[in-house]
Every structure is written in C-alpha cells, then in structure tokens.
file upload32.cif (mmCIF, N, CA and C atoms)
data_final
#
loop_
_atom_site.label_atom_id
_atom_site.label_comp_id
_atom_site.auth_asym_id
_atom_site.auth_seq_id
_atom_site.Cartn_x
_atom_site.Cartn_y
_atom_site.Cartn_z
N MET H 268 25.69 3.95 7.27
CA MET H 268 24.44 3.23 7.51
C MET H 268 24.75 1.97 8.30
N ALA H 269 23.89 1.61 9.24
CA ALA H 269 24.06 0.41 10.06
C ALA H 269 23.88 -0.83 9.21
N GLN H 270 24.57 -1.89 9.56
CA GLN H 270 24.37 -3.16 8.89
C GLN H 270 23.12 -3.81 9.44
N SER H 271 22.45 -4.59 8.58
CA SER H 271 21.26 -5.27 9.08
C SER H 271 21.67 -6.42 9.97
N VAL H 272 20.89 -6.68 10.98
CA VAL H 272 21.11 -7.79 11.89
C VAL H 272 20.47 -9.02 11.26
N ARG H 273 21.09 -10.17 11.39
CA ARG H 273 20.55 -11.39 10.79
C ARG H 273 20.21 -12.39 11.88
N ASN H 274 19.16 -13.19 11.62
CA ASN H 274 18.80 -14.23 12.58
C ASN H 274 19.69 -15.44 12.35
N SER H 275 19.43 -16.53 13.05
CA SER H 275 20.29 -17.70 12.98
C SER H 275 20.29 -18.36 11.61
N GLU H 276 19.26 -18.09 10.78
CA GLU H 276 19.22 -18.66 9.43
C GLU H 276 19.86 -17.73 8.41
N GLY H 277 20.35 -16.59 8.86
CA GLY H 277 20.99 -15.64 7.96
C GLY H 277 20.03 -14.67 7.31
N THR H 278 18.75 -14.72 7.68
CA THR H 278 17.76 -13.81 7.13
C THR H 278 17.96 -12.43 7.74
N PRO H 279 18.01 -11.38 6.92
CA PRO H 279 18.19 -10.04 7.48
C PRO H 279 17.05 -9.68 8.42
N PHE H 280 17.41 -9.08 9.55
CA PHE H 280 16.40 -8.61 10.49
C PHE H 280 15.65 -7.44 9.88
N ALA H 281 16.37 -6.53 9.26
CA ALA H 281 15.73 -5.38 8.64
C ALA H 281 15.15 -5.82 7.30
N ARG H 282 13.87 -5.57 7.09
CA ARG H 282 13.19 -6.02 5.88
C ARG H 282 13.44 -5.09 4.70
N THR H 283 13.61 -3.81 4.94
CA THR H 283 13.85 -2.86 3.86
C THR H 283 14.94 -1.91 4.30
N SER H 284 15.48 -1.17 3.34
CA SER H 284 16.53 -0.22 3.69
C SER H 284 16.01 0.85 4.64
N SER H 285 14.71 1.16 4.59
CA SER H 285 14.17 2.16 5.52
C SER H 285 14.12 1.64 6.94
N ASP H 286 14.19 0.30 7.13
CA ASP H 286 14.22 -0.26 8.47
C ASP H 286 15.58 -0.09 9.14
N VAL H 287 16.60 0.15 8.32
CA VAL H 287 17.95 0.30 8.86
C VAL H 287 18.18 1.78 9.12
N ILE H 288 18.33 2.13 10.36
CA ILE H 288 18.52 3.52 10.77
C ILE H 288 19.94 3.66 11.28
N ALA H 289 20.51 4.82 11.19
CA ALA H 289 21.88 5.03 11.63
C ALA H 289 22.09 4.47 13.02
N ALA H 290 23.19 3.76 13.21
CA ALA H 290 23.44 3.05 14.47
C ALA H 290 23.43 3.98 15.67
N ASP H 291 23.95 5.20 15.51
CA ASP H 291 24.01 6.07 16.68
C ASP H 291 22.63 6.49 17.15
N SER H 292 21.66 6.69 16.26
CA SER H 292 20.32 7.06 16.71
C SER H 292 19.62 5.88 17.35
N GLN H 293 19.82 4.67 16.82
CA GLN H 293 19.22 3.49 17.43
C GLN H 293 19.86 3.19 18.78
N THR H 294 21.17 3.29 18.84
CA THR H 294 21.85 3.00 20.10
C THR H 294 21.36 3.96 21.18
N SER H 295 21.15 5.23 20.84
CA SER H 295 20.67 6.14 21.85
C SER H 295 19.26 5.75 22.30
N GLN H 296 18.44 5.23 21.39
CA GLN H 296 17.12 4.72 21.81
C GLN H 296 17.31 3.57 22.78
N PHE H 297 18.16 2.63 22.45
CA PHE H 297 18.45 1.49 23.32
C PHE H 297 18.91 1.99 24.69
N GLU H 298 19.81 2.96 24.68
CA GLU H 298 20.32 3.50 25.94
C GLU H 298 19.23 4.25 26.71
N ARG H 299 18.39 5.03 26.01
CA ARG H 299 17.32 5.76 26.69
C ARG H 299 16.31 4.82 27.34
N LEU H 300 16.20 3.62 26.78
CA LEU H 300 15.31 2.62 27.38
C LEU H 300 16.00 1.86 28.51
N GLY H 301 17.25 2.22 28.82
CA GLY H 301 17.94 1.62 29.96
C GLY H 301 18.90 0.51 29.62
N GLY H 302 19.27 0.36 28.35
CA GLY H 302 20.24 -0.67 27.97
C GLY H 302 19.71 -2.06 28.25
N VAL H 303 20.61 -2.96 28.60
CA VAL H 303 20.25 -4.36 28.83
C VAL H 303 19.20 -4.48 29.93
N ALA H 304 19.42 -3.82 31.05
CA ALA H 304 18.47 -3.91 32.16
C ALA H 304 17.11 -3.32 31.78
N GLY H 305 17.12 -2.21 31.07
CA GLY H 305 15.87 -1.56 30.68
C GLY H 305 15.07 -2.39 29.69
N ILE H 306 15.74 -2.98 28.71
CA ILE H 306 15.04 -3.80 27.73
C ILE H 306 14.51 -5.06 28.40
N THR H 307 15.27 -5.61 29.33
CA THR H 307 14.81 -6.79 30.07
C THR H 307 13.53 -6.45 30.83
N ARG H 308 13.49 -5.29 31.50
CA ARG H 308 12.28 -4.86 32.21
C ARG H 308 11.14 -4.58 31.25
N LEU H 309 11.45 -3.94 30.12
CA LEU H 309 10.42 -3.64 29.13
C LEU H 309 9.77 -4.92 28.62
N VAL H 310 10.56 -5.91 28.30
CA VAL H 310 10.03 -7.19 27.80
C VAL H 310 9.18 -7.86 28.88
N ALA H 311 9.67 -7.85 30.12
CA ALA H 311 8.91 -8.47 31.21
C ALA H 311 7.57 -7.76 31.41
N ARG H 312 7.58 -6.44 31.42
CA ARG H 312 6.35 -5.66 31.62
C ARG H 312 5.39 -5.88 30.44
N PHE H 313 5.93 -5.89 29.23
CA PHE H 313 5.13 -6.11 28.03
C PHE H 313 4.44 -7.47 28.09
N TYR H 314 5.18 -8.52 28.44
CA TYR H 314 4.56 -9.85 28.49
C TYR H 314 3.62 -10.01 29.67
N ASP H 315 3.81 -9.24 30.74
CA ASP H 315 2.81 -9.23 31.81
C ASP H 315 1.47 -8.78 31.24
N LYS H 316 1.49 -7.76 30.40
CA LYS H 316 0.26 -7.24 29.79
C LYS H 316 -0.32 -8.24 28.79
N VAL H 317 0.54 -8.79 27.94
CA VAL H 317 0.08 -9.74 26.92
C VAL H 317 -0.54 -10.97 27.58
N LEU H 318 0.13 -11.52 28.58
CA LEU H 318 -0.36 -12.74 29.23
C LEU H 318 -1.61 -12.50 30.06
N ALA H 319 -1.84 -11.26 30.46
CA ALA H 319 -3.06 -10.93 31.21
C ALA H 319 -4.25 -10.70 30.29
N ASP H 320 -4.01 -10.64 28.99
CA ASP H 320 -5.06 -10.40 28.01
C ASP H 320 -5.70 -11.75 27.65
N PRO H 321 -6.98 -11.95 27.99
CA PRO H 321 -7.62 -13.25 27.73
C PRO H 321 -7.69 -13.63 26.26
N ALA H 322 -7.63 -12.64 25.37
CA ALA H 322 -7.65 -12.95 23.94
C ALA H 322 -6.28 -13.42 23.44
N LEU H 323 -5.20 -13.02 24.13
CA LEU H 323 -3.85 -13.35 23.69
C LEU H 323 -3.21 -14.48 24.48
N SER H 324 -3.56 -14.61 25.74
CA SER H 324 -2.88 -15.60 26.59
C SER H 324 -2.95 -17.03 26.06
N PRO H 325 -4.02 -17.46 25.39
CA PRO H 325 -4.02 -18.84 24.87
C PRO H 325 -2.89 -19.12 23.87
N TYR H 326 -2.43 -18.10 23.18
CA TYR H 326 -1.33 -18.30 22.23
C TYR H 326 -0.03 -18.69 22.94
N PHE H 327 0.05 -18.43 24.22
CA PHE H 327 1.28 -18.66 24.97
C PHE H 327 1.16 -19.81 25.97
N ALA H 328 0.07 -20.56 25.91
CA ALA H 328 -0.18 -21.64 26.87
C ALA H 328 0.91 -22.70 26.85
N ASP H 329 1.43 -23.03 25.69
CA ASP H 329 2.44 -24.09 25.57
C ASP H 329 3.81 -23.53 25.18
N VAL H 330 4.06 -22.28 25.51
CA VAL H 330 5.30 -21.62 25.13
C VAL H 330 6.23 -21.55 26.33
N ALA H 331 7.49 -21.85 26.11
CA ALA H 331 8.51 -21.71 27.15
C ALA H 331 8.77 -20.20 27.33
N LEU H 332 8.21 -19.63 28.38
CA LEU H 332 8.24 -18.18 28.55
C LEU H 332 9.65 -17.63 28.73
N ASP H 333 10.53 -18.37 29.39
CA ASP H 333 11.91 -17.89 29.54
C ASP H 333 12.57 -17.73 28.18
N LYS H 334 12.36 -18.72 27.31
CA LYS H 334 12.93 -18.64 25.96
C LYS H 334 12.29 -17.51 25.18
N LEU H 335 10.98 -17.37 25.28
CA LEU H 335 10.26 -16.30 24.58
C LEU H 335 10.80 -14.94 25.01
N ARG H 336 10.95 -14.73 26.30
CA ARG H 336 11.46 -13.44 26.79
C ARG H 336 12.89 -13.20 26.30
N ARG H 337 13.70 -14.24 26.26
CA ARG H 337 15.07 -14.10 25.76
C ARG H 337 15.07 -13.72 24.28
N MET H 338 14.21 -14.38 23.49
CA MET H 338 14.12 -14.06 22.06
C MET H 338 13.62 -12.64 21.85
N GLN H 339 12.62 -12.24 22.64
CA GLN H 339 12.10 -10.87 22.51
C GLN H 339 13.14 -9.84 22.96
N PHE H 340 13.91 -10.17 23.98
CA PHE H 340 15.00 -9.28 24.39
C PHE H 340 15.95 -9.08 23.22
N GLU H 341 16.35 -10.17 22.57
CA GLU H 341 17.25 -10.08 21.42
C GLU H 341 16.61 -9.28 20.29
N PHE H 342 15.34 -9.58 20.01
CA PHE H 342 14.63 -8.92 18.91
C PHE H 342 14.56 -7.41 19.14
N PHE H 343 14.08 -7.00 20.31
CA PHE H 343 13.97 -5.57 20.60
C PHE H 343 15.33 -4.90 20.67
N SER H 344 16.30 -5.55 21.28
CA SER H 344 17.63 -4.97 21.38
C SER H 344 18.23 -4.74 19.99
N ALA H 345 18.12 -5.74 19.14
CA ALA H 345 18.64 -5.60 17.78
C ALA H 345 17.90 -4.50 17.03
N ALA H 346 16.58 -4.44 17.20
CA ALA H 346 15.77 -3.43 16.51
C ALA H 346 16.14 -2.02 16.95
N LEU H 347 16.61 -1.89 18.19
CA LEU H 347 16.97 -0.58 18.72
C LEU H 347 18.45 -0.26 18.56
N GLY H 348 19.17 -1.11 17.83
CA GLY H 348 20.55 -0.82 17.50
C GLY H 348 21.59 -1.32 18.48
N ALA H 349 21.21 -2.13 19.42
CA ALA H 349 22.18 -2.66 20.37
C ALA H 349 23.06 -3.70 19.69
N PRO H 350 24.26 -3.89 20.19
CA PRO H 350 25.13 -4.91 19.60
C PRO H 350 24.74 -6.31 20.07
N VAL H 351 23.50 -6.69 19.78
CA VAL H 351 22.95 -7.98 20.18
C VAL H 351 22.50 -8.68 18.91
N ARG H 352 22.83 -9.94 18.79
CA ARG H 352 22.45 -10.72 17.62
C ARG H 352 21.16 -11.48 17.91
N TYR H 353 20.16 -11.30 17.05
CA TYR H 353 18.91 -12.04 17.18
C TYR H 353 19.17 -13.47 16.70
N SER H 354 18.95 -14.44 17.58
CA SER H 354 19.28 -15.84 17.25
C SER H 354 18.05 -16.70 16.99
N GLY H 355 16.88 -16.07 16.98
CA GLY H 355 15.64 -16.83 16.82
C GLY H 355 15.35 -17.18 15.37
N ARG H 356 14.27 -17.95 15.22
CA ARG H 356 13.78 -18.29 13.88
C ARG H 356 13.24 -17.03 13.21
N SER H 357 13.03 -17.11 11.91
CA SER H 357 12.44 -15.97 11.23
C SER H 357 11.06 -15.71 11.84
N ILE H 358 10.59 -14.50 11.71
CA ILE H 358 9.28 -14.13 12.26
C ILE H 358 8.20 -15.03 11.66
N MET H 359 8.28 -15.26 10.36
CA MET H 359 7.28 -16.09 9.69
C MET H 359 7.30 -17.52 10.25
N GLN H 360 8.47 -18.10 10.40
CA GLN H 360 8.56 -19.46 10.94
C GLN H 360 8.07 -19.54 12.37
N ALA H 361 8.41 -18.57 13.18
CA ALA H 361 8.04 -18.59 14.60
C ALA H 361 6.52 -18.50 14.78
N HIS H 362 5.81 -17.91 13.83
CA HIS H 362 4.37 -17.70 13.98
C HIS H 362 3.54 -18.58 13.06
N SER H 363 4.19 -19.38 12.25
CA SER H 363 3.48 -20.25 11.31
C SER H 363 2.58 -21.23 12.06
N GLY H 364 1.36 -21.37 11.59
CA GLY H 364 0.43 -22.31 12.19
C GLY H 364 -0.21 -21.84 13.48
N ARG H 365 0.08 -20.64 13.92
CA ARG H 365 -0.45 -20.14 15.19
C ARG H 365 -1.86 -19.56 15.05
N ARG H 366 -2.30 -19.36 13.81
CA ARG H 366 -3.66 -18.85 13.52
C ARG H 366 -3.90 -17.49 14.17
N ILE H 367 -2.93 -16.62 14.05
CA ILE H 367 -3.02 -15.28 14.63
C ILE H 367 -3.79 -14.38 13.66
N THR H 368 -4.81 -13.73 14.18
CA THR H 368 -5.63 -12.84 13.37
C THR H 368 -5.11 -11.41 13.45
N GLY H 369 -5.60 -10.57 12.56
CA GLY H 369 -5.25 -9.16 12.60
C GLY H 369 -5.66 -8.51 13.91
N GLU H 370 -6.81 -8.91 14.42
CA GLU H 370 -7.29 -8.38 15.70
C GLU H 370 -6.31 -8.71 16.83
N HIS H 371 -5.83 -9.94 16.85
CA HIS H 371 -4.88 -10.35 17.88
C HIS H 371 -3.55 -9.62 17.71
N PHE H 372 -3.10 -9.47 16.48
CA PHE H 372 -1.85 -8.76 16.24
C PHE H 372 -1.97 -7.31 16.72
N ARG H 373 -3.10 -6.66 16.40
CA ARG H 373 -3.30 -5.27 16.84
C ARG H 373 -3.34 -5.17 18.36
N ALA H 374 -3.94 -6.13 19.04
CA ALA H 374 -3.96 -6.13 20.51
C ALA H 374 -2.54 -6.27 21.05
N PHE H 375 -1.76 -7.15 20.45
CA PHE H 375 -0.36 -7.37 20.84
C PHE H 375 0.42 -6.06 20.71
N VAL H 376 0.29 -5.42 19.56
CA VAL H 376 0.99 -4.16 19.31
C VAL H 376 0.47 -3.07 20.24
N GLY H 377 -0.81 -3.09 20.55
CA GLY H 377 -1.37 -2.13 21.49
C GLY H 377 -0.75 -2.25 22.87
N HIS H 378 -0.52 -3.48 23.31
CA HIS H 378 0.15 -3.68 24.61
C HIS H 378 1.59 -3.18 24.56
N LEU H 379 2.24 -3.36 23.42
CA LEU H 379 3.60 -2.83 23.28
C LEU H 379 3.57 -1.31 23.36
N ASP H 380 2.63 -0.68 22.67
CA ASP H 380 2.53 0.77 22.71
C ASP H 380 2.29 1.26 24.14
N GLU H 381 1.40 0.60 24.86
CA GLU H 381 1.15 0.96 26.26
C GLU H 381 2.43 0.85 27.08
N THR H 382 3.18 -0.21 26.86
CA THR H 382 4.42 -0.42 27.59
C THR H 382 5.44 0.65 27.25
N LEU H 383 5.56 0.97 25.97
CA LEU H 383 6.53 2.00 25.55
C LEU H 383 6.17 3.37 26.13
N LYS H 384 4.88 3.64 26.34
CA LYS H 384 4.47 4.92 26.92
C LYS H 384 4.96 5.08 28.35
N GLU H 385 5.33 3.99 28.98
CA GLU H 385 5.84 4.03 30.36
C GLU H 385 7.32 4.42 30.40
N HIS H 386 7.92 4.62 29.22
CA HIS H 386 9.35 4.93 29.13
C HIS H 386 9.57 6.32 28.54
N ALA H 387 10.76 6.83 28.74
CA ALA H 387 11.11 8.18 28.29
C ALA H 387 11.40 8.19 26.79
N LEU H 388 10.34 8.07 26.00
CA LEU H 388 10.46 8.13 24.55
C LEU H 388 9.53 9.22 24.04
N SER H 389 9.96 9.87 22.97
CA SER H 389 9.05 10.83 22.35
C SER H 389 7.98 10.06 21.59
N ASP H 390 6.90 10.75 21.22
CA ASP H 390 5.85 10.11 20.42
C ASP H 390 6.43 9.58 19.11
N GLY H 391 7.34 10.34 18.51
CA GLY H 391 7.96 9.92 17.26
C GLY H 391 8.80 8.65 17.41
N GLU H 392 9.56 8.57 18.51
CA GLU H 392 10.36 7.37 18.75
C GLU H 392 9.47 6.15 18.98
N ARG H 393 8.42 6.36 19.77
CA ARG H 393 7.49 5.25 20.03
C ARG H 393 6.82 4.80 18.74
N LYS H 394 6.40 5.75 17.93
CA LYS H 394 5.77 5.42 16.65
C LYS H 394 6.74 4.67 15.74
N ALA H 395 8.00 5.07 15.72
CA ALA H 395 8.99 4.38 14.88
C ALA H 395 9.16 2.93 15.30
N ILE H 396 9.15 2.66 16.60
CA ILE H 396 9.26 1.28 17.09
C ILE H 396 8.02 0.49 16.70
N ILE H 397 6.85 1.08 16.90
CA ILE H 397 5.60 0.41 16.54
C ILE H 397 5.55 0.15 15.03
N ASP H 398 6.00 1.12 14.24
CA ASP H 398 6.02 0.94 12.78
C ASP H 398 6.91 -0.23 12.38
N ARG H 399 8.05 -0.39 13.07
CA ARG H 399 8.94 -1.53 12.76
C ARG H 399 8.26 -2.85 13.07
N ILE H 400 7.52 -2.91 14.16
CA ILE H 400 6.80 -4.14 14.51
C ILE H 400 5.67 -4.39 13.51
N ASN H 401 4.94 -3.33 13.16
CA ASN H 401 3.85 -3.47 12.20
C ASN H 401 4.33 -3.94 10.83
N ALA H 402 5.58 -3.69 10.51
CA ALA H 402 6.13 -4.14 9.22
C ALA H 402 6.12 -5.67 9.11
N TYR H 403 6.02 -6.35 10.25
CA TYR H 403 6.02 -7.82 10.26
C TYR H 403 4.62 -8.42 10.28
N ALA H 404 3.59 -7.60 10.20
CA ALA H 404 2.22 -8.09 10.31
C ALA H 404 1.93 -9.20 9.30
N ASP H 405 2.36 -9.03 8.06
CA ASP H 405 2.07 -10.04 7.04
C ASP H 405 2.77 -11.37 7.33
N ASP H 406 3.87 -11.33 8.08
CA ASP H 406 4.58 -12.55 8.44
C ASP H 406 3.96 -13.26 9.64
N VAL H 407 3.15 -12.54 10.40
CA VAL H 407 2.57 -13.07 11.64
C VAL H 407 1.11 -13.47 11.46
N VAL H 408 0.35 -12.64 10.77
CA VAL H 408 -1.10 -12.81 10.68
C VAL H 408 -1.46 -13.80 9.58
N LYS H 409 -2.37 -14.70 9.94
CA LYS H 409 -2.93 -15.66 8.98
C LYS H 409 -4.20 -15.03 8.42
N PRO H 410 -4.30 -14.84 7.08
CA PRO H 410 -5.53 -14.25 6.53
C PRO H 410 -6.76 -15.07 6.91
N VAL H 411 -7.85 -14.39 7.20
CA VAL H 411 -9.08 -15.05 7.64
C VAL H 411 -9.52 -16.10 6.63
N ALA H 412 -9.43 -15.81 5.34
CA ALA H 412 -9.85 -16.74 4.29
C ALA H 412 -9.02 -18.03 4.32
N ALA H 413 -7.81 -17.97 4.87
CA ALA H 413 -6.94 -19.15 4.90
C ALA H 413 -7.12 -19.98 6.16
N LEU H 414 -7.89 -19.48 7.12
CA LEU H 414 -8.12 -20.23 8.36
C LEU H 414 -9.07 -21.40 8.08
N ASP H 415 -8.79 -22.53 8.67
CA ASP H 415 -9.67 -23.68 8.53
C ASP H 415 -10.98 -23.41 9.25
N PRO H 416 -12.10 -23.94 8.73
CA PRO H 416 -13.40 -23.71 9.40
C PRO H 416 -13.45 -24.35 10.78
#
call {"tool": "encode", "arguments": {"input": "upload32.cif", "output": "structure tokens"}}
result
Amino acid sequence: MAQSVRNSEGTPFARTSSDVIAADSQTSQFERLGGVAGITRLVARFYDKVLADPALSPYFADVALDKLRRMQFEFFSAALGAPVRYSGRSIMQAHSGRRITGEHFRAFVGHLDETLKEHALSDGERKAIIDRINAYADDVVKPVAALDP
C-alpha cells in the first residue's frame, strides 16, 4: 500500500485508508495524464475555466495565481501518486474564511470534471479523481447557517 502524502504541517494528504491506492495504479494515472508537463497543462486549463466563471472568479481576485497553480500542481500530482510532496496548508486552513458555498464547490468540481474529460481517462478513473476531491467538501464549504448575514 502507498504511504500517505503529508502537507507542510504533517497532516496526511489521504483522509482515509480508501484514499490511499496502490502506488503503481496512481502513478500510471499520473503518467497517462502526461506526467509533470501534463499535470501543469491540466492545472492551467482547469484554472482558465474556473477564472472564466463569474460565480467563482471573485474568490481568486486577491490570490497569487502562480502560487495557486504551483500548489494545485503539487496537490493533483500527489493525489495521482507522483513522487511530489504537497507543501501547502491543509485544505481547511487554505479555505477558511472564504465563505465558499456548496454551489460554488460543485461548480469548481464541475470545471475539473470538464477538464479531465479532455484527457485520456476512463469514466472510472475520472470519477475516482472527482471522488477524491469531493472528499474535501466539508473542509472547503462553509455551511449556509454559519454564514454571516
């Protein structure tokens, strides 16, 4: 079984044992997406879609996009089994105070799904990637009842 990847605070990247998939199957996903160059293109294409979305772009108005793309490259690479260490803050810390709703999270994931469809992945592989991202919804989304009026 693959070891879980940890962020800079030592928090495991994989939230549950089911998130940890054998390294050889993840590495082949990473390779099928084109390795370093492919993930770099995937992240760039994905953020082109996210930033073009008027409902999502305000969340990124004051964000250093180069750093964001680097963190997402690390995040996706680690999730796909590449020998890359995610050095960012925990998902919860990175999104704390951002007032992200479930609707916005679903739109974000929808853009990822659209982007993944542009690559040579089976429906099952694409679904597995989306499922891993969806596992972080509770760490990203602020419940509506907790939003200030």
call {"tool": "closest_atom_pairs", "arguments": {"input": "upload32.cif", "of": "stretch 279-367 of chain H", "to": "stretch 388-410 of chain H", "cutoff": "6 Å", "atoms": "only C-alpha atoms", "output": "Markdown table"}}
result
| residue | atom | partner | partner_atom | distance |
| --- | --- | --- | --- | --- |
| H:Met359 | CA | H:Asp406 | CA | 4.6 |
| H:His362 | CA | H:Val407 | CA | 5.5 |
| H:Arg366 | CA | H:Lys409 | CA | 5.6 |
| H:Ile367 | CA | H:Val408 | CA | 5.0 |
call {"tool": "atom_distance", "arguments": {"input": "upload32.cif", "atom1": "atom CA of H:Arg365", "atom2": "atom CA of H:Leu335"}}
result
14.8 Å
call {"tool": "atom_distance", "arguments": {"input": "upload32.cif", "atom1": "atom CA of H:Thr368", "atom2": "atom C of H:Ser324"}}
result
13.6 Å
call {"tool": "atom_distance", "arguments": {"input": "upload32.cif", "atom1": "atom N of H:Ser363", "atom2": "atom CA of H:Val330"}}
result
13.1 Å
call {"tool": "residues_around", "arguments": {"input": "upload32.cif", "residues": "H:Phe327", "least_positions_apart": "5", "cutoff": "10 Å", "atoms": "only C-alpha atoms", "output": "PyMOL selection string"}}
result
chain H and resi 317-318+332+335
call {"tool": "residues_near_point", "arguments": {"input": "upload32.cif", "point": "(10.5, 7.4, 26.2)", "cutoff": "6.5 Å", "atoms": "only N, CA and C atoms", "output": "compact mmCIF listing (two decimals) with N, CA and C atoms, in the coordinates of the input"}}
result
# COMPACT_ATOMS: atom_id res chain seq x y z
N ARG H 299 18.39 5.03 26.01
CA ARG H 299 17.32 5.76 26.69
C ARG H 299 16.31 4.82 27.34
N LEU H 383 5.56 0.97 25.97
CA LEU H 383 6.53 2.00 25.55
C LEU H 383 6.17 3.37 26.13
N LYS H 384 4.88 3.64 26.34
CA LYS H 384 4.47 4.92 26.92
C LYS H 384 4.96 5.08 28.35
N GLU H 385 5.33 3.99 28.98
CA GLU H 385 5.84 4.03 30.36
C GLU H 385 7.32 4.42 30.40
N HIS H 386 7.92 4.62 29.22
CA HIS H 386 9.35 4.93 29.13
C HIS H 386 9.57 6.32 28.54
N ALA H 387 10.76 6.83 28.74
CA ALA H 387 11.11 8.18 28.29
C ALA H 387 11.40 8.19 26.79
N LEU H 388 10.34 8.07 26.00
CA LEU H 388 10.46 8.13 24.55
C LEU H 388 9.53 9.22 24.04
N SER H 389 9.96 9.87 22.97
CA SER H 389 9.05 10.83 22.35
C SER H 389 7.98 10.06 21.59
